[in-house]
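As stored in data.tsv (TSV, C-alpha atoms):
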```tsv
chain	number	residue	atom	x	y	z
A	1	MET	CA	-12.17	-15.04	-7.47
A	2	ARG	CA	-14.25	-15.21	-4.29
A	3	ALA	CA	-12.50	-16.10	-1.06
A	4	GLY	CA	-14.22	-19.37	-0.23
A	5	THR	CA	-13.25	-21.48	2.79
A	6	ALA	CA	-9.92	-22.98	1.67
A	7	GLN	CA	-7.15	-22.75	4.26
A	8	ARG	CA	-4.33	-20.40	3.33
A	9	ALA	CA	-1.06	-19.46	4.99
A	10	LEU	CA	-1.63	-15.74	5.45
A	11	PRO	CA	1.29	-13.44	6.32
A	12	THR	CA	1.02	-11.20	9.38
A	13	ALA	CA	3.04	-8.20	10.48
A	14	ALA	CA	4.75	-8.13	13.85
A	15	ALA	CA	4.04	-5.22	16.17
A	16	GLY	CA	6.46	-2.32	15.86
A	17	ASP	CA	6.94	1.26	14.72
A	18	VAL	CA	4.87	2.79	11.94
A	19	TRP	CA	6.29	2.02	8.48
A	20	SER	CA	7.17	4.63	5.88
A	21	TYR	CA	4.71	5.17	3.04
A	22	GLU	CA	6.98	3.31	0.59
A	23	GLU	CA	7.42	0.29	2.85
A	24	SER	CA	3.66	0.26	3.63
A	25	ASP	CA	2.91	-0.04	-0.10
A	26	ILE	CA	5.52	-2.76	-0.61
A	27	ARG	CA	4.19	-4.79	2.33
A	28	ALA	CA	0.60	-4.32	1.12
A	29	HIS	CA	1.56	-5.68	-2.32
A	30	GLU	CA	3.21	-8.66	-0.65
A	31	PHE	CA	0.04	-9.38	1.31
A	32	LEU	CA	-2.17	-9.07	-1.79
A	33	ALA	CA	0.12	-11.44	-3.70
A	34	ALA	CA	-0.15	-14.00	-0.90
A	35	VAL	CA	-3.94	-13.66	-0.82
A	36	ALA	CA	-4.30	-13.97	-4.61
A	37	GLY	CA	-2.07	-17.06	-4.73
A	38	ASN	CA	-2.17	-18.64	-8.20
A	39	ARG	CA	-5.21	-16.64	-9.35
A	40	ASP	CA	-4.73	-14.56	-12.49
A	41	VAL	CA	-4.18	-10.84	-11.83
A	42	TYR	CA	-5.51	-8.60	-14.59
A	43	GLU	CA	-3.09	-5.70	-14.21
A	44	TYR	CA	-0.26	-4.73	-11.84
A	45	VAL	CA	-0.72	-1.20	-10.43
A	46	GLU	CA	2.03	0.44	-8.37
A	47	ASP	CA	-0.50	1.90	-5.91
A	48	PRO	CA	-1.60	-1.18	-3.89
A	49	VAL	CA	-5.04	0.30	-3.08
A	50	GLU	CA	-5.73	0.83	-6.78
A	51	HIS	CA	-4.15	-2.58	-7.54
A	52	ALA	CA	-6.65	-4.25	-5.21
A	53	ARG	CA	-9.53	-2.29	-6.77
A	54	VAL	CA	-8.61	-2.91	-10.41
A	55	ASN	CA	-8.14	-6.66	-9.87
A	56	SER	CA	-11.21	-7.10	-7.60
A	57	LEU	CA	-8.98	-8.55	-4.88
A	58	MET	CA	-11.33	-7.35	-2.14
A	59	LEU	CA	-13.58	-10.28	-3.09
A	60	LEU	CA	-10.93	-12.48	-1.47
A	61	PHE	CA	-11.13	-10.70	1.88
A	62	ASN	CA	-12.98	-13.17	4.10
A	63	GLU	CA	-12.85	-12.97	7.90
A	64	ASP	CA	-9.43	-14.67	8.16
A	65	VAL	CA	-7.87	-12.45	5.47
A	66	ALA	CA	-9.28	-9.28	7.05
A	67	GLU	CA	-7.96	-10.33	10.47
A	68	ALA	CA	-4.46	-10.95	9.08
A	69	PHE	CA	-4.50	-7.63	7.19
A	70	GLU	CA	-5.33	-5.79	10.43
A	71	THR	CA	-1.77	-6.50	11.60
A	72	PHE	CA	-0.49	-4.66	8.50
A	73	LEU	CA	-2.85	-1.72	8.98
A	74	ALA	CA	-1.52	-1.35	12.54
A	75	ARG	CA	1.94	-0.54	11.09
A	76	MET	CA	0.81	1.87	8.34
A	77	PRO	CA	0.61	5.70	8.44
A	78	GLN	CA	-2.90	6.99	9.11
A	79	PRO	CA	-3.58	8.21	5.52
A	80	ARG	CA	-2.80	4.69	4.25
A	81	VAL	CA	-5.10	3.18	6.89
A	82	GLU	CA	-7.92	5.51	5.87
A	83	ALA	CA	-7.49	4.65	2.17
A	84	TRP	CA	-7.65	0.92	2.92
A	85	ARG	CA	-10.63	1.37	5.25
A	86	GLU	CA	-12.41	3.25	2.50
A	87	LEU	CA	-11.76	0.44	-0.02
A	88	ILE	CA	-12.64	-2.36	2.40
A	89	SER	CA	-15.94	-0.69	3.34
A	90	GLY	CA	-16.72	-0.04	-0.31
A	91	GLY	CA	-16.58	3.75	-0.16
A	92	VAL	CA	-18.61	6.38	1.61
A	93	SER	CA	-21.35	6.58	-0.98
A	94	SER	CA	-22.02	3.02	-2.10
A	95	GLU	CA	-20.33	0.58	0.34
A	96	VAL	CA	-20.38	-2.10	-2.37
A	97	PHE	CA	-18.69	-4.65	-0.10
A	98	GLY	CA	-21.23	-4.07	2.69
A	99	PRO	CA	-21.19	-1.64	5.64
A	100	LEU	CA	-18.86	-2.21	8.58
A	101	THR	CA	-20.25	-4.45	11.29
A	102	LEU	CA	-20.20	-3.35	14.92
A	103	GLN	CA	-17.23	-5.64	15.56
A	104	GLU	CA	-15.36	-4.17	12.59
A	105	GLN	CA	-16.05	-0.68	13.88
A	106	LEU	CA	-14.68	-1.72	17.27
A	107	ASP	CA	-11.61	-3.17	15.54
A	108	GLU	CA	-11.06	0.18	13.82
A	109	ARG	CA	-11.15	1.91	17.20
A	110	GLN	CA	-8.67	-0.62	18.58
A	111	VAL	CA	-6.31	-0.04	15.68
A	112	ALA	CA	-6.62	3.73	16.12
A	113	LEU	CA	-5.90	3.37	19.85
A	114	TYR	CA	-2.88	1.19	19.08
A	115	LEU	CA	-1.49	3.77	16.65
A	116	GLN	CA	-2.10	6.57	19.14
A	117	ALA	CA	-0.43	4.56	21.91
A	118	ALA	CA	2.61	3.98	19.68
A	119	ARG	CA	2.83	7.70	18.97
A	120	ASN	CA	2.49	8.47	22.66
A	121	ARG	CA	5.34	6.08	23.51
A	122	ARG	CA	7.61	7.80	21.00
A	123	ILE	CA	6.68	11.22	22.39
A	124	VAL	CA	7.39	10.10	25.97
A	125	SER	CA	10.75	8.66	24.95
A	126	THR	CA	11.65	11.94	23.31
A	127	LEU	CA	10.58	13.98	26.31
A	128	VAL	CA	12.61	11.80	28.72
A	129	THR	CA	15.79	12.64	26.84
A	130	ALA	CA	14.93	16.31	26.30
A	131	VAL	CA	15.98	19.23	28.39
A	132	VAL	CA	13.49	19.92	31.20
A	133	GLY	CA	12.01	23.21	32.33
A	134	VAL	CA	11.92	26.29	30.18
A	135	ALA	CA	14.03	24.74	27.42
A	136	LEU	CA	11.52	21.89	27.11
A	137	VAL	CA	8.64	24.33	26.81
A	138	LEU	CA	10.46	26.30	24.14
A	139	LEU	CA	11.22	23.14	22.17
A	140	ALA	CA	7.62	22.02	22.40
A	141	VAL	CA	6.37	25.40	21.19
A	142	ALA	CA	8.87	25.38	18.32
A	143	GLY	CA	7.84	21.87	17.35
A	144	TRP	CA	4.16	22.78	17.45
A	145	ASN	CA	4.73	25.86	15.29
A	146	GLU	CA	6.60	23.72	12.76
A	147	LEU	CA	3.72	21.24	12.70
A	148	ILE	CA	1.22	24.04	12.12
A	149	ALA	CA	3.41	25.45	9.34
A	150	GLN	CA	3.41	22.08	7.61
A	151	ASP	CA	-0.34	21.67	8.02
A	152	ASP	CA	-0.91	25.16	6.62
A	153	ARG	CA	1.30	24.57	3.59
A	154	SER	CA	-0.29	26.47	0.75
A	155	ASP	CA	-1.89	24.50	-2.06
A	156	GLY	CA	-0.10	24.79	-5.37
A	157	SER	CA	3.39	25.22	-3.95
A	158	LEU	CA	4.38	23.90	-7.38
A	159	ASP	CA	2.67	26.58	-9.45
A	160	PHE	CA	2.26	25.38	-13.04
A	161	GLY	CA	0.30	28.46	-14.05
A	162	VAL	CA	-2.64	28.12	-16.45
A	163	LEU	CA	-2.84	24.55	-17.74
A	164	GLY	CA	-5.35	23.06	-20.14
A	165	GLU	CA	-4.89	25.62	-22.94
A	166	ALA	CA	-5.04	24.52	-26.59
A	167	SER	CA	-1.75	22.65	-27.01
A	168	ASN	CA	-0.92	23.85	-30.52
A	169	GLU	CA	-1.38	27.51	-29.57
A	170	ALA	CA	0.20	27.31	-26.09
A	171	ALA	CA	3.29	25.56	-27.49
A	172	LEU	CA	4.40	28.77	-29.16
A	173	ILE	CA	3.86	31.04	-26.14
A	174	GLY	CA	6.97	31.91	-24.13
A	175	GLY	CA	10.61	32.51	-24.83
A	176	PRO	CA	13.61	30.17	-24.65
A	177	PRO	CA	13.68	27.76	-21.69
A	178	VAL	CA	15.27	29.05	-18.47
A	179	VAL	CA	15.90	26.40	-15.82
A	180	GLU	CA	14.64	27.24	-12.31
A	181	ALA	CA	17.49	26.33	-9.95
A	182	SER	CA	15.17	25.42	-7.03
A	183	LEU	CA	13.42	22.79	-9.20
A	184	ILE	CA	16.53	20.81	-10.18
A	185	ALA	CA	16.79	17.29	-8.77
A	186	ASN	CA	19.76	14.96	-9.18
A	187	LEU	CA	18.85	11.28	-9.53
A	188	SER	CA	21.13	9.89	-6.84
A	189	GLU	CA	19.00	7.83	-4.41
A	190	THR	CA	19.36	4.12	-5.23
A	191	VAL	CA	16.61	1.70	-4.12
A	192	ALA	CA	16.99	-2.08	-4.44
A	193	VAL	CA	14.49	-4.45	-2.80
A	194	LEU	CA	14.80	-8.19	-3.36
A	195	ALA	CA	11.68	-10.14	-4.29
A	196	GLY	CA	10.38	-12.64	-1.77
A	197	ASP	CA	8.53	-13.01	1.51
A	198	ALA	CA	11.31	-12.04	3.93
A	199	PRO	CA	10.88	-8.90	6.05
A	200	PHE	CA	11.52	-5.66	4.21
A	201	SER	CA	14.61	-4.90	6.32
A	202	GLN	CA	16.24	-8.11	5.05
A	203	ARG	CA	15.38	-7.43	1.40
A	204	ASP	CA	16.49	-3.78	1.32
A	205	VAL	CA	19.98	-4.22	-0.18
A	206	ASP	CA	22.58	-2.48	-2.31
A	207	ALA	CA	21.99	-2.65	-6.06
A	208	PRO	CA	24.41	-5.05	-7.79
A	209	PRO	CA	26.92	-3.66	-10.31
A	210	GLY	CA	25.46	-3.18	-13.76
A	211	SER	CA	21.88	-2.69	-12.55
A	212	PHE	CA	21.56	0.60	-14.42
A	213	PRO	CA	22.92	1.90	-17.72
A	214	TYR	CA	24.22	5.01	-15.91
A	215	PRO	CA	25.45	5.40	-12.31
A	216	ALA	CA	23.69	7.38	-9.58
A	217	GLY	CA	24.19	11.10	-10.05
A	218	SER	CA	24.55	10.94	-13.85
A	219	LEU	CA	21.01	12.17	-14.58
A	220	SER	CA	19.13	15.26	-13.44
A	221	ALA	CA	15.55	16.47	-13.91
A	222	THR	CA	13.52	19.65	-13.67
A	223	LEU	CA	10.01	20.96	-14.45
A	224	PHE	CA	8.57	23.18	-17.18
A	225	GLN	CA	5.30	24.44	-18.61
A	226	TYR	CA	5.01	23.75	-22.35
A	227	ALA	CA	2.06	23.43	-24.72
A	228	GLY	CA	-0.48	24.11	-21.97
A	229	SER	CA	0.73	21.18	-19.86
A	230	GLY	CA	3.21	20.32	-17.16
A	231	HIS	CA	6.42	18.61	-18.32
A	232	VAL	CA	9.49	17.03	-16.76
A	233	LEU	CA	12.86	17.33	-18.47
A	234	PHE	CA	15.55	14.68	-17.97
A	235	THR	CA	19.16	15.45	-18.85
A	236	GLY	CA	22.19	13.17	-18.82
A	237	PRO	CA	25.11	11.75	-20.80
A	238	SER	CA	24.95	11.76	-24.58
A	239	GLY	CA	22.54	9.09	-25.84
A	240	PHE	CA	21.09	8.34	-22.40
A	241	ALA	CA	17.44	8.65	-23.55
A	242	ASP	CA	17.88	5.71	-25.94
A	243	ASN	CA	19.24	3.45	-23.18
A	244	SER	CA	17.21	4.49	-20.12
A	245	CYS	CA	13.80	3.49	-18.76
A	246	LEU	CA	12.58	6.76	-17.28
A	247	ARG	CA	9.52	7.29	-15.09
A	248	ALA	CA	7.89	10.39	-13.59
A	249	SER	CA	5.03	10.54	-11.09
A	250	VAL	CA	2.96	13.50	-9.90
A	251	VAL	CA	2.18	12.73	-6.25
A	252	THR	CA	0.29	14.18	-3.30
A	253	GLY	CA	1.86	15.02	0.05
A	254	ASP	CA	1.39	11.41	1.23
A	255	LEU	CA	2.74	10.02	-2.07
A	256	ARG	CA	-0.56	9.02	-3.70
A	257	PRO	CA	0.11	9.10	-7.48
A	258	LEU	CA	-2.01	11.47	-9.58
A	259	ASP	CA	-0.25	10.70	-12.87
A	260	VAL	CA	2.51	8.23	-13.80
A	261	VAL	CA	4.33	8.29	-17.15
A	262	THR	CA	7.06	6.04	-18.58
A	263	THR	CA	9.36	6.46	-21.55
A	264	GLY	CA	12.34	4.63	-23.01
A	265	PRO	CA	13.19	0.90	-23.25
A	266	CYS	CA	11.30	-0.52	-20.24
A	267	ALA	CA	10.83	-4.23	-19.53
A	268	ALA	CA	7.71	-3.51	-17.42
A	269	PRO	CA	6.27	-0.05	-18.14
A	270	VAL	CA	4.16	1.48	-15.38
A	271	GLY	CA	1.45	4.09	-15.91
A	272	ARG	CA	0.80	5.58	-19.32
A	273	ALA	CA	3.19	6.08	-22.22
A	274	ALA	CA	4.58	9.61	-22.12
A	275	THR	CA	4.26	12.09	-24.97
A	276	VAL	CA	7.83	13.14	-25.84
A	277	GLY	CA	7.87	16.83	-26.72
A	278	CYS	CA	11.61	17.23	-27.22
A	279	ILE	CA	14.39	14.67	-27.57
A	280	GLY	CA	18.09	14.88	-28.30
A	281	PRO	CA	21.50	13.54	-27.34
A	282	THR	CA	21.47	14.94	-23.79
A	283	ALA	CA	17.82	15.78	-22.95
A	284	VAL	CA	14.28	14.40	-23.20
A	285	LEU	CA	11.05	16.24	-22.34
A	286	VAL	CA	7.90	14.29	-21.36
A	287	ASP	CA	4.40	15.50	-20.47
A	288	LEU	CA	2.68	15.33	-17.09
A	289	LYS	CA	-1.02	15.59	-16.27
A	290	VAL	CA	-0.94	17.96	-13.28
A	291	PRO	CA	-4.35	18.62	-11.68
A	292	THR	CA	-5.14	22.13	-10.51
A	293	GLY	CA	-6.07	22.53	-6.84
A	294	VAL	CA	-7.50	19.79	-4.63
A	295	VAL	CA	-8.85	16.66	-6.37
A	296	GLU	CA	-10.79	13.63	-5.10
A	297	LEU	CA	-8.71	10.43	-5.03
A	298	PRO	CA	-10.11	7.13	-6.39
A	299	GLU	CA	-9.29	5.31	-3.15
A	300	GLY	CA	-11.01	7.98	-1.04
A	301	GLY	CA	-9.97	11.30	0.41
A	302	SER	CA	-8.44	14.17	-1.52
A	303	GLY	CA	-5.06	15.65	-2.35
A	304	SER	CA	-3.19	18.07	-4.58
A	305	ALA	CA	-0.01	17.94	-6.65
A	306	ASP	CA	2.73	18.32	-4.06
A	307	SER	CA	5.84	17.04	-5.84
A	308	VAL	CA	7.12	15.10	-8.85
A	309	ARG	CA	9.14	11.91	-8.32
A	310	VAL	CA	11.56	10.92	-11.09
A	311	LYS	CA	13.28	7.56	-11.59
A	312	LEU	CA	15.84	5.76	-13.72
A	313	VAL	CA	14.41	2.22	-13.57
A	314	GLY	CA	16.49	-0.95	-13.73
A	315	HIS	CA	15.24	-4.46	-14.49
A	316	ASP	CA	16.23	-7.66	-12.70
A	317	GLU	CA	13.70	-10.41	-11.98
A	318	ARG	CA	15.38	-11.03	-8.63
A	319	TYR	CA	14.28	-7.58	-7.45
A	320	GLU	CA	10.85	-6.29	-6.51
A	321	ALA	CA	12.00	-2.66	-6.82
A	322	LEU	CA	15.15	-1.39	-8.53
A	323	PHE	CA	15.65	2.28	-9.42
A	324	ILE	CA	17.64	5.48	-8.93
A	325	GLY	CA	15.30	8.31	-7.99
A	326	ALA	CA	14.78	11.82	-6.70
A	327	ALA	CA	11.91	14.15	-5.84
A	328	ILE	CA	11.25	17.64	-7.20
A	329	GLY	CA	9.37	19.69	-4.62
A	330	VAL	CA	9.16	23.00	-2.82
A	331	SER	CA	9.78	23.66	0.88
A	332	ALA	CA	6.77	24.24	3.12
A	333	GLY	CA	5.51	27.81	2.97
A	334	ASP	CA	7.26	28.53	-0.35
A	335	GLU	CA	5.74	28.78	-3.81
A	336	VAL	CA	7.74	28.50	-7.00
A	337	VAL	CA	6.35	29.21	-10.46
A	338	VAL	CA	7.32	26.47	-12.89
A	339	PRO	CA	8.99	28.25	-15.85
A	340	ARG	CA	7.32	28.32	-19.24
A	341	PHE	CA	8.84	28.27	-22.70
A	342	GLY	CA	7.60	28.28	-26.28
A	343	ALA	CA	9.01	26.49	-29.32
A	344	ALA	CA	8.01	25.22	-32.75
A	345	PRO	CA	8.64	21.73	-34.20
A	346	GLY	CA	12.23	21.37	-35.33
A	347	ASP	CA	13.60	24.03	-32.92
A	348	GLU	CA	16.74	22.98	-31.08
A	349	LEU	CA	16.51	23.86	-27.38
A	350	THR	CA	19.31	24.26	-24.83
A	351	PHE	CA	18.67	23.74	-21.10
A	352	ASN	CA	21.45	25.10	-18.90
A	353	PHE	CA	21.46	23.43	-15.46
A	354	GLY	CA	24.61	25.25	-14.37
A	355	ALA	CA	27.94	23.77	-13.24
A	356	GLY	CA	28.67	22.82	-16.85
A	357	GLN	CA	25.58	20.60	-17.19
A	358	VAL	CA	23.67	21.35	-20.40
A	359	GLY	CA	20.86	19.43	-22.05
A	360	VAL	CA	20.12	19.75	-25.78
A	361	CYS	CA	17.09	18.40	-27.66
A	362	THR	CA	14.95	19.04	-30.76
A	363	VAL	CA	11.21	19.77	-30.52
A	364	THR	CA	9.25	16.83	-31.96
A	365	GLY	CA	5.91	18.55	-32.58
A	366	ASP	CA	4.09	15.83	-30.54
A	367	LEU	CA	1.72	17.59	-28.15
A	368	PRO	CA	0.09	16.41	-24.90
A	369	ARG	CA	-3.29	14.72	-25.36
```
Kindly present the structure from the file in structure tokens form.
Amino acid sequence: MRAGTAQRALPTAAAGDVWSYEESDIRAHEFLAAVAGNRDVYEYVEDPVEHARVNSLMLLFNEDVAEAFETFLARMPQPRVEAWRELISGGVSSEVFGPLTLQEQLDERQVALYLQAARNRRIVSTLVTAVVGVALVLLAVAGWNELIAQDDRSDGSLDFGVLGEASNEAALIGGPPVVEASLIANLSETVAVLAGDAPFSQRDVDAPPGSFPYPAGSLSATLFQYAGSGHVLFTGPSGFADNSCLRASVVTGDLRPLDVVTTGPCAAPVGRAATVGCIGPTAVLVDLKVPTGVVELPEGGSGSADSVRVKLVGHDERYEALFIGAAIGVSAGDEVVVPRFGAAPGDELTFNFGAGQVGVCTVTGDLPR
């Protein structure tokens, strides 16, 4: 797997604005695929940092590869840059790939200066078009206060209560399920990205007809506590659970996955197989491993459970990404307690989402592990 000296056509990223987190991960995967070439990859991981770690792809990062990847890092948000720097250096504690050289440290400073310069240009452009004088000062103060409010967002804005209890005992604690209106998400955002080496903007297209068993807006999701664990409940048309590849991810504020589960007929499952606690004609309940408080991330840094992303996943080999999704989260400064219910195996549960949308399922007796 080592890099060697063979010449390779390495992709580079043109200078421009900072990418979104999702595009940064897609472009990083594209770069890793180009670097790996025809080498066997042990396992595909949705998080590109973890993908590179699991498949030992950093062994391929010689001087030319690292130089090409710098052009990608220059377009990524700072948390992504820090995660990649941590992996490339081998981590704070062990630095298994060797410490950064002086030149590499200088390169880091240059990248940081480039990112700061790009931010400064955007700020100047905004200020040029803004109202001058007192109005400008007031807008700046309001913007700063908003930034502080976001930075001070309280940990645990999704409050799952006491998790980690004995599953068989906790499963019976609580009354019938009551859906929390602020935690309902409708799966309506369609994402379709063609496979290939073209720029992301050229591959971001509309999904072709028939990509999904159900159209956007047909499914909804919400969160619950059950059996001492977090859970996500999907609801949709009768029989949808038998025909749908469903995925749920617990993510940090910068979208680093803490747990990913998949259920249903999936051509390429991602993450772990979910434990289905309740299933029926119009609802399916799957478990989530939700960490309490701030946790250390494998790629470096730390984070806490900020939201849950849910997807109805399609499959088409022509597409790199194909899904209908939504995010379940809480606004900055708010805190919502995820509702809890109790039920025994064989109980039929009804989940009322309002507006005539009702999900019904039967408790399976399978408990989170």
ask   = Rounded to one decimal in Å, what is the spacing between CA of Arg309 in chain A and CA of Val191 in chain A?
value =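 Here the two named atoms are 13.3 Å from each other.
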Between CA of Thr364 in chain A and CA of Cys278 in chain A - distance in Å to one decimal =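 So the answer is 5.3 Å.
The space separating CA of Thr12 in chain A from CA of Glu63 in chain A comes to 14.1 Å.
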task = Mind checking which residues fall within 7 Å of range 54-58 of chain A, counting only C-alpha atoms, ignoring those fewer than 3 positions away in the same chain, and posting them as a PyMOL selection string?
result = chain A and resi 41-43+50-51+61+88
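Across A:Asp206, A:Glu296, A:Asp366, A:Glu335, the tightest approach to Ile279 in chain A is made by A:Asp366 when counting all atoms listed in the file.
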task = Just give me the residues with any atom within 9 Å of (6.4, 14.1, -28.7), file coordinates, counting all atoms listed in the file, written as a PyMOL selection string.
result = chain A and resi 274-279+285-287+363-368
With C-alpha atoms retained, export the selected residues as a PDB file, in the frame of the given file.
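Full text of out-v9.pdb as output:
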```pdb
ATOM      1  CA  ALA A 274       4.580   9.610 -22.120  1.00  0.00           C
ATOM      2  CA  THR A 275       4.260  12.090 -24.970  1.00  0.00           C
ATOM      3  CA  VAL A 276       7.830  13.140 -25.840  1.00  0.00           C
ATOM      4  CA  GLY A 277       7.870  16.830 -26.720  1.00  0.00           C
ATOM      5  CA  CYS A 278      11.610  17.230 -27.220  1.00  0.00           C
ATOM      6  CA  ILE A 279      14.390  14.670 -27.570  1.00  0.00           C
ATOM      7  CA  LEU A 285      11.050  16.240 -22.340  1.00  0.00           C
ATOM      8  CA  VAL A 286       7.900  14.290 -21.360  1.00  0.00           C
ATOM      9  CA  ASP A 287       4.400  15.500 -20.470  1.00  0.00           C
ATOM     10  CA  VAL A 363      11.210  19.770 -30.520  1.00  0.00           C
ATOM     11  CA  THR A 364       9.250  16.830 -31.960  1.00  0.00           C
ATOM     12  CA  GLY A 365       5.910  18.550 -32.580  1.00  0.00           C
ATOM     13  CA  ASP A 366       4.090  15.830 -30.540  1.00  0.00           C
ATOM     14  CA  LEU A 367       1.720  17.590 -28.150  1.00  0.00           C
ATOM     15  CA  PRO A 368       0.090  16.410 -24.900  1.00  0.00           C
TER      16      PRO A 368
END
```
request  = Around the point (6.5, 25.9, -8.9) in the file's coordinates, collect all residues with an atom within 7 Å, using only C-alpha atoms, and return them as a list in words.
outcome  = Ser157, Leu158, Asp159, Phe160, Glu335, Val336, Val337 and Val338 of chain A
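Of the listed residues (A:Ser249, A:Ser20, A:Thr262, A:Ser220), A:Thr262 comes nearest to Val313 in chain A; the distances count only C-alpha atoms.
For the set A:Gly271, A:Asn186, A:Gly264, A:Asp40, the residue with the smallest atom-to-atom gap to Phe240 in chain A is A:Gly264, counting all atoms listed in the file.
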So that I can see what lies close to Ser244 in chain A, please list as a compact mmCIF listing (two decimals) with C-alpha atoms, in the coordinates of the input the residues with an atom at most 10 Å from it, counting only C-alpha atoms and leaving out residues fewer than 2 positions away in the same chain.
```
# COMPACT_ATOMS: atom_id res chain seq x y z
CA PHE A 212 21.56 0.60 -14.42
CA PRO A 213 22.92 1.90 -17.72
CA TYR A 214 24.22 5.01 -15.91
CA GLY A 239 22.54 9.09 -25.84
CA PHE A 240 21.09 8.34 -22.40
CA ALA A 241 17.44 8.65 -23.55
CA ASP A 242 17.88 5.71 -25.94
CA LEU A 246 12.58 6.76 -17.28
CA ARG A 247 9.52 7.29 -15.09
CA THR A 263 9.36 6.46 -21.55
CA GLY A 264 12.34 4.63 -23.01
CA PRO A 265 13.19 0.90 -23.25
CA CYS A 266 11.30 -0.52 -20.24
CA LYS A 311 13.28 7.56 -11.59
CA LEU A 312 15.84 5.76 -13.72
CA VAL A 313 14.41 2.22 -13.57
CA GLY A 314 16.49 -0.95 -13.73
```
Spatial neighbours of His29 in chain A, 12 Å, all atoms listed in the file, chain gap at least 6 places, as a PyMOL selection string = chain A and resi 11+22-23+35-36+44-52+57+69+72+195-197+200+320-321
ask   = Near Met76 in chain A, within 6 Å and counting all atoms listed in the file, which residues show up once chain neighbours fewer than 3 positions away are dropped, as a PyMOL selection string?
value = chain A and resi 18-19+24+73
Selection above as a file: C-alpha atoms, as a tab-separated table (two decimals), in the frame of the given file:
```
chain	number	residue	atom	x	y	z
A	18	VAL	CA	4.87	2.79	11.94
A	19	TRP	CA	6.29	2.02	8.48
A	24	SER	CA	3.66	0.26	3.63
A	73	LEU	CA	-2.85	-1.72	8.98
```
Because the input lacks atoms here, generate N, CA and C atoms for range 353-365 of chain A and report them as a short mmCIF file (atom, residue, chain, number, x, y, z; two decimals), keeping the file's coordinate frame.
```cif
data_model
loop_
_atom_site.label_atom_id
_atom_site.label_comp_id
_atom_site.auth_asym_id
_atom_site.auth_seq_id
_atom_site.Cartn_x
_atom_site.Cartn_y
_atom_site.Cartn_z
N PHE A 353 21.65 23.76 -16.88
CA PHE A 353 21.46 23.43 -15.46
C PHE A 353 22.53 24.05 -14.57
N GLY A 354 23.52 24.69 -15.15
CA GLY A 354 24.61 25.25 -14.37
C GLY A 354 25.68 24.21 -14.10
N ALA A 355 26.81 24.65 -13.57
CA ALA A 355 27.94 23.77 -13.24
C ALA A 355 28.36 22.93 -14.44
N GLY A 356 28.23 23.50 -15.65
CA GLY A 356 28.67 22.82 -16.85
C GLY A 356 27.73 21.75 -17.36
N GLN A 357 26.55 21.61 -16.75
CA GLN A 357 25.58 20.60 -17.19
C GLN A 357 24.57 21.24 -18.13
N VAL A 358 24.54 20.78 -19.38
CA VAL A 358 23.67 21.35 -20.40
C VAL A 358 22.95 20.23 -21.12
N GLY A 359 21.64 20.39 -21.30
CA GLY A 359 20.86 19.43 -22.05
C GLY A 359 20.41 20.04 -23.38
N VAL A 360 20.50 19.28 -24.45
CA VAL A 360 20.12 19.75 -25.78
C VAL A 360 19.14 18.75 -26.40
N CYS A 361 18.04 19.28 -26.98
CA CYS A 361 17.09 18.40 -27.66
C CYS A 361 16.38 19.17 -28.76
N THR A 362 15.69 18.45 -29.64
CA THR A 362 14.95 19.04 -30.76
C THR A 362 13.46 18.80 -30.55
N VAL A 363 12.66 19.85 -30.72
CA VAL A 363 11.21 19.77 -30.52
C VAL A 363 10.60 18.82 -31.56
N THR A 364 9.81 17.86 -31.07
CA THR A 364 9.25 16.83 -31.96
C THR A 364 7.96 17.27 -32.66
N GLY A 365 7.22 18.17 -32.05
CA GLY A 365 5.91 18.55 -32.58
C GLY A 365 4.80 17.70 -31.99
#
```
